[in-house]
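Please read the structure below before turning to the comments.
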Amino acid sequence: MSKVYFASARVKKWKYNESMPGKLERLLEKINLSQYFEADEWVAIKTHFGSEGAHRIVRPVFLRKVTDALKAMQAKPFVTDTVRIKGLDYLEVANQNGINHLSVGAPVVIADGLYGNDNIMVKAGDILGEIAVASLIYDVPAMIVCSHVKGHINAGYAGAIKNLAMGGVSGSHRHCGWKCGRGSMHVIGEGNFIWDEKRCALCYQCEEVCPLDCIKFDNEKFTYEDERCWRCGRCTRVCPEGALVMTEANDEMFMKSLAEAAKTVINTFKPNKILYINFLTEIQPECDCMPAADVPIMQDIGILISDDIVSVEQASIDLLLKTKPLASSLAEDEGIKEGDDIILKLHGKNYFIQIEESEKLGMGSRKYELIDIL
Ligand code: SF4
Ligand code: SF4
């Protein structure tokens with residue numbers, strides 16, 4: 001049974017050790033980094049830089065604690081993510097959200113190059129075939145996956161599996177485009193849009209939310225660039241009128257493909273070279289790639305660390321399930337009550353599929369021992 005170490009977000013004594021940064025330091029000591037990493041070894045800290053407007057990410061202070069702990073054992077950490085917008089702009093987003101060399105104490109670099117096409121096709125599995133893994137993640141020998149737990153358009157729940165799958169893979173490949181990148185997970189094929197002109201209120205939120213500027217309204221008619229659109233589903237998610245629907249979107253296949261892609265990324269590492277830290281903080285309804293972050297739907301819970309991706313995800317979900325919805329949040333707007341599965345009610349997705357599939361693929365175990373460091 002895998003061990004998952006947990007530190008609660010609650011502070012009950014007014015000492016540094018009781019603070020979240022202090023507790024993260026204690027978690028890193030507890031897991032014993034020297035079991036996984038070596039002096040002079042390059043270690044990627046994979047996180048999500050957020051978006052301009054989506055500020056609820058893993059806070060730089062926590063990334064700093066991770067890099068400090070690695071540097072204390074003479075390892076060579078750097079903080080990284082794959083691009084969702086142009087690379088230079090994405091580094092600026094990171095900077096704006098507080099992630100830069102000075103704040104996190106290590107270089108901040110793009111894993112798949114400034115153009116997002118520095119990647120390597122790696123054999124995946126039955127669903128994806130091959131997929132474009134970011135070359136830096138492919139090459140680096142060790143990694144700590146720092147994931148901000150929150151909701152997600154297609155997966156319902158987003159934690160370490162989503163961070164590694166969507167974030168370890170490029171948006172597109174130099175030759176085969178988005179269909180070899182993370183877009184292939186979104187629709188497993190070529191989903192198309194149905195736009196209902198009668199329902200459309202011409203609010204243009206779909207146009208604004210598109211990270212690739214694929215959508216245009218010419219003479220008040222919806223159009224999109226089929227070849228460039230990677231089917232992320234953001235535009236359909238934000239449409240307040242239900243006027244925009246994507247055909248062939250298949251949540252079950254999406255979640256299974258997430259598990260497959262995460263496994264593909266993990267397989268580029270030797271055993272025992274990846275740790276997972278899940279931050280159950282500022283748990284908002286949507287992914288950090290959206291252009292805004294809503295208020296949290298539940299209170300901060302804490303931080304979890306493990307070397308088993310399935311265990312850390314299962315433990316995170318078990319904690320989410322015990323948490324009450326917050327007042328004045330989308331959870332309250334949706335009439336979600338104490339005892340409800342908040343994520344399920346908000347997104348209507350059976351998000352467990354990604355965890356079950358990951359276990360089936362041999363990535364880890366849903367049985368775990370939770371060790372509260374108190
Ligand atoms: S799915 Fe929508 S938001 Fe995403 S890239 Fe395509 S047009 Fe843009
Ligand atoms: S978000 Fe929906 S209602 Fe608004 S412009 Fe787009 S399709 Fe129309």
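Following the order of the structure tokens, chains are lettered A, B, ..., residues in each are numbered from 1, and ligands are numbered from 1.
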
query = Quick one: residues within 8 Å of ligand 1, with only C-alpha atoms and all ligand atoms, as a PyMOL selection string?
reply = chain A and resi 206-207+209-215+224-226+228-236

Using N, CA and C atoms, can you write the selected residues to a file as a PDB file, in the first residue's frame?
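Now in out-v2.pdb:
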```
ATOM      1  N   CYS A 206     -17.272  33.105 -26.085  1.00  0.00           N
ATOM      2  CA  CYS A 206     -16.572  31.979 -26.733  1.00  0.00           C
ATOM      3  C   CYS A 206     -15.352  32.503 -27.485  1.00  0.00           C
ATOM      4  N   GLU A 207     -15.526  33.610 -28.170  1.00  0.00           N
ATOM      5  CA  GLU A 207     -14.428  34.188 -28.948  1.00  0.00           C
ATOM      6  C   GLU A 207     -13.288  34.613 -28.017  1.00  0.00           C
ATOM      7  N   VAL A 209     -12.549  33.531 -25.005  1.00  0.00           N
ATOM      8  CA  VAL A 209     -11.917  32.493 -24.198  1.00  0.00           C
ATOM      9  C   VAL A 209     -10.975  31.615 -25.029  1.00  0.00           C
ATOM     10  N   CYS A 210     -11.079  31.674 -26.351  1.00  0.00           N
ATOM     11  CA  CYS A 210     -10.284  30.776 -27.200  1.00  0.00           C
ATOM     12  C   CYS A 210      -8.799  31.140 -27.115  1.00  0.00           C
ATOM     13  N   PRO A 211      -7.955  30.196 -26.690  1.00  0.00           N
ATOM     14  CA  PRO A 211      -6.534  30.522 -26.543  1.00  0.00           C
ATOM     15  C   PRO A 211      -5.827  30.699 -27.882  1.00  0.00           C
ATOM     16  N   LEU A 212      -6.444  30.218 -28.960  1.00  0.00           N
ATOM     17  CA  LEU A 212      -5.781  30.273 -30.266  1.00  0.00           C
ATOM     18  C   LEU A 212      -6.404  31.302 -31.202  1.00  0.00           C
ATOM     19  N   ASP A 213      -7.338  32.072 -30.686  1.00  0.00           N
ATOM     20  CA  ASP A 213      -8.065  33.049 -31.529  1.00  0.00           C
ATOM     21  C   ASP A 213      -8.634  32.385 -32.785  1.00  0.00           C
ATOM     22  N   CYS A 214      -9.221  31.231 -32.595  1.00  0.00           N
ATOM     23  CA  CYS A 214      -9.772  30.467 -33.728  1.00  0.00           C
ATOM     24  C   CYS A 214     -11.158  30.935 -34.132  1.00  0.00           C
ATOM     25  N   ILE A 215     -11.849  31.609 -33.187  1.00  0.00           N
ATOM     26  CA  ILE A 215     -13.264  31.922 -33.423  1.00  0.00           C
ATOM     27  C   ILE A 215     -13.429  33.356 -33.915  1.00  0.00           C
ATOM     28  N   TYR A 224     -15.083  29.204 -37.168  1.00  0.00           N
ATOM     29  CA  TYR A 224     -13.844  28.845 -36.463  1.00  0.00           C
ATOM     30  C   TYR A 224     -12.885  28.188 -37.446  1.00  0.00           C
ATOM     31  N   GLU A 225     -11.601  28.254 -37.097  1.00  0.00           N
ATOM     32  CA  GLU A 225     -10.582  27.679 -37.972  1.00  0.00           C
ATOM     33  C   GLU A 225     -10.392  26.216 -37.599  1.00  0.00           C
ATOM     34  N   ASP A 226     -10.955  25.379 -38.417  1.00  0.00           N
ATOM     35  CA  ASP A 226     -10.991  23.950 -38.138  1.00  0.00           C
ATOM     36  C   ASP A 226      -9.588  23.359 -37.945  1.00  0.00           C
ATOM     37  N   ARG A 228      -6.754  24.731 -37.029  1.00  0.00           N
ATOM     38  CA  ARG A 228      -5.950  25.184 -35.874  1.00  0.00           C
ATOM     39  C   ARG A 228      -6.593  24.820 -34.531  1.00  0.00           C
ATOM     40  N   CYS A 229      -7.909  24.705 -34.500  1.00  0.00           N
ATOM     41  CA  CYS A 229      -8.624  24.463 -33.233  1.00  0.00           C
ATOM     42  C   CYS A 229      -8.248  23.102 -32.658  1.00  0.00           C
ATOM     43  N   TRP A 230      -7.785  23.068 -31.388  1.00  0.00           N
ATOM     44  CA  TRP A 230      -7.382  21.779 -30.820  1.00  0.00           C
ATOM     45  C   TRP A 230      -8.474  21.177 -29.928  1.00  0.00           C
ATOM     46  N   ARG A 231      -9.686  21.641 -30.066  1.00  0.00           N
ATOM     47  CA  ARG A 231     -10.866  21.035 -29.432  1.00  0.00           C
ATOM     48  C   ARG A 231     -10.764  21.006 -27.904  1.00  0.00           C
ATOM     49  N   CYS A 232     -10.293  22.123 -27.306  1.00  0.00           N
ATOM     50  CA  CYS A 232     -10.157  22.136 -25.853  1.00  0.00           C
ATOM     51  C   CYS A 232     -11.514  22.271 -25.163  1.00  0.00           C
ATOM     52  N   GLY A 233     -12.515  22.754 -25.859  1.00  0.00           N
ATOM     53  CA  GLY A 233     -13.864  22.822 -25.294  1.00  0.00           C
ATOM     54  C   GLY A 233     -14.134  24.044 -24.433  1.00  0.00           C
ATOM     55  N   ARG A 234     -13.149  24.959 -24.339  1.00  0.00           N
ATOM     56  CA  ARG A 234     -13.389  26.139 -23.495  1.00  0.00           C
ATOM     57  C   ARG A 234     -14.565  26.956 -24.010  1.00  0.00           C
ATOM     58  N   CYS A 235     -14.642  27.107 -25.324  1.00  0.00           N
ATOM     59  CA  CYS A 235     -15.702  27.949 -25.898  1.00  0.00           C
ATOM     60  C   CYS A 235     -17.084  27.372 -25.590  1.00  0.00           C
ATOM     61  N   THR A 236     -17.225  26.055 -25.679  1.00  0.00           N
ATOM     62  CA  THR A 236     -18.533  25.459 -25.405  1.00  0.00           C
ATOM     63  C   THR A 236     -18.853  25.563 -23.907  1.00  0.00           C
TER      64      THR A 236
END
```

ask   = If you run DSSP on the backbone, which residues of region 244-294 of chain A are strand (DSSP E), as a ChimeraX atom specification?
value = /A:244-246,274-280

ask   = Which chains and residue numbers are within 12 Å of ligand 2, counting only C-alpha atoms and all ligand atoms, if I want them as a PyMOL selection string?
value = chain A and resi 193-210+215-218+220-224+233-246

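Here the question is which of A:Val312, A:Leu320, A:Met143, A:Ile343 gets nearest to Met1 (chain A) using only C-alpha atoms, and that residue is A:Val312.
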
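Considering the residues A:Leu304, A:Ile355, A:Val149, A:Met298 and counting only C-alpha atoms, Lys337 (chain A) has its shortest atom-to-atom contact with A:Met298.
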
query = What residues in region 140-174 of chain A get the DSSP label alpha helix (DSSP H)? Please answer as an NGL selection string.
reply = :A and (160-168)

inquiry  = Neighbouring residues of Ser2 (chain A) were defined as those with any atom within 10 Å, considering only C-alpha atoms; residues of the same chain fewer than 6 positions away were excluded. Please report them as a PyMOL selection string.
reply    = chain A and resi 306-312+364-370

request  = Might you pull out every residue within 7 Å of region 261-271 of chain A, with only C-alpha atoms counted and same-chain residues fewer than 6 positions away left off, and present them as a PyMOL selection string?
outcome  = chain A and resi 124+133+138+141-142+161+164-165+168+363

Shortest interatomic distance to Ala259 (chain A) - which of A:Leu361, A:Ala292, A:Ala158, A:Leu344, counting only C-alpha atoms = A:Leu361

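Counting only C-alpha atoms and comparing A:Ser34, A:Ser147, A:Ser135, A:Thr80, the residue that lies closest to Arg59 (chain A) is A:Ser147.
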
query = Which polymer residues have any atom within 6 Å of an atom of Ala132 (chain A), counting only C-alpha atoms, with same-chain residues fewer than 4 positions away left out, as a list in words?
reply = Asn119, Ile120, Met121, Val169, Ser170, Cys180 and Gly181 of chain A

query = So, counting only C-alpha atoms, which residue among A:Gly116, A:Pro77, A:Gly362, A:Gly22 is closest to Gly171 (chain A)?
reply = A:Gly116

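Every protein, DNA or RNA residue with an atom at most 8 Å from Ile371 (chain A), where only C-alpha atoms count and chain neighbours fewer than 4 positions away do not, is listed here: Lys3, Val4, Tyr5 and Phe6 of chain A.
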
Include N, CA and C atoms and write out the residues we just selected as a compact mmCIF listing (two decimals), in the first residue's frame.
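result.txt, written as the output of this step:
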```txt
# COMPACT_ATOMS: atom_id res chain seq x y z
N LYS A 3 2.17 5.09 0.54
CA LYS A 3 2.01 6.10 1.59
C LYS A 3 1.71 7.46 0.95
N VAL A 4 0.76 8.15 1.54
CA VAL A 4 0.48 9.53 1.13
C VAL A 4 0.61 10.38 2.39
N TYR A 5 1.53 11.33 2.36
CA TYR A 5 1.70 12.22 3.51
C TYR A 5 0.82 13.45 3.32
N PHE A 6 0.20 13.86 4.41
CA PHE A 6 -0.79 14.94 4.33
C PHE A 6 -0.50 16.01 5.38
```

remark   = Shortest contact to Gln314 (chain A), candidates A:Val58, A:Ala293, A:Ala160, A:Leu102, atoms counted only C-alpha atoms, goes to A:Ala160

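The spacing separating CA of Gly50 (chain A) from CA of Leu258 (chain A) amounts to 19.4 Å.
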
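Going from CA of Asp341 (chain A) over to CA of Gln284 (chain A), you cover 14.4 Å.
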
CA of Lys65 (chain A) to CA of Asn95 (chain A), straight-line distance in Å = 17.8 Å

Within 6 Å of Phe279 (chain A), counting only C-alpha atoms, which residues qualify if same-chain residues fewer than 2 places away don't, as a CSV table (one decimal) with N, CA and C atoms, in the first residue's frame?
```
chain,number,residue,atom,x,y,z
A,148,HIS,N,-2.1,21.9,-8.9
A,148,HIS,CA,-3.2,22.6,-8.2
A,148,HIS,C,-4.5,21.8,-8.5
A,149,VAL,N,-5.2,21.3,-7.4
A,149,VAL,CA,-6.4,20.6,-7.6
A,149,VAL,C,-7.6,21.5,-7.8
A,281,THR,N,-5.8,23.7,-2.5
A,281,THR,CA,-5.9,25.1,-2.0
A,281,THR,C,-6.6,25.9,-3.1
A,303,ILE,N,-2.1,19.9,1.8
A,303,ILE,CA,-1.1,19.5,0.8
A,303,ILE,C,-0.9,18.0,1.0
```
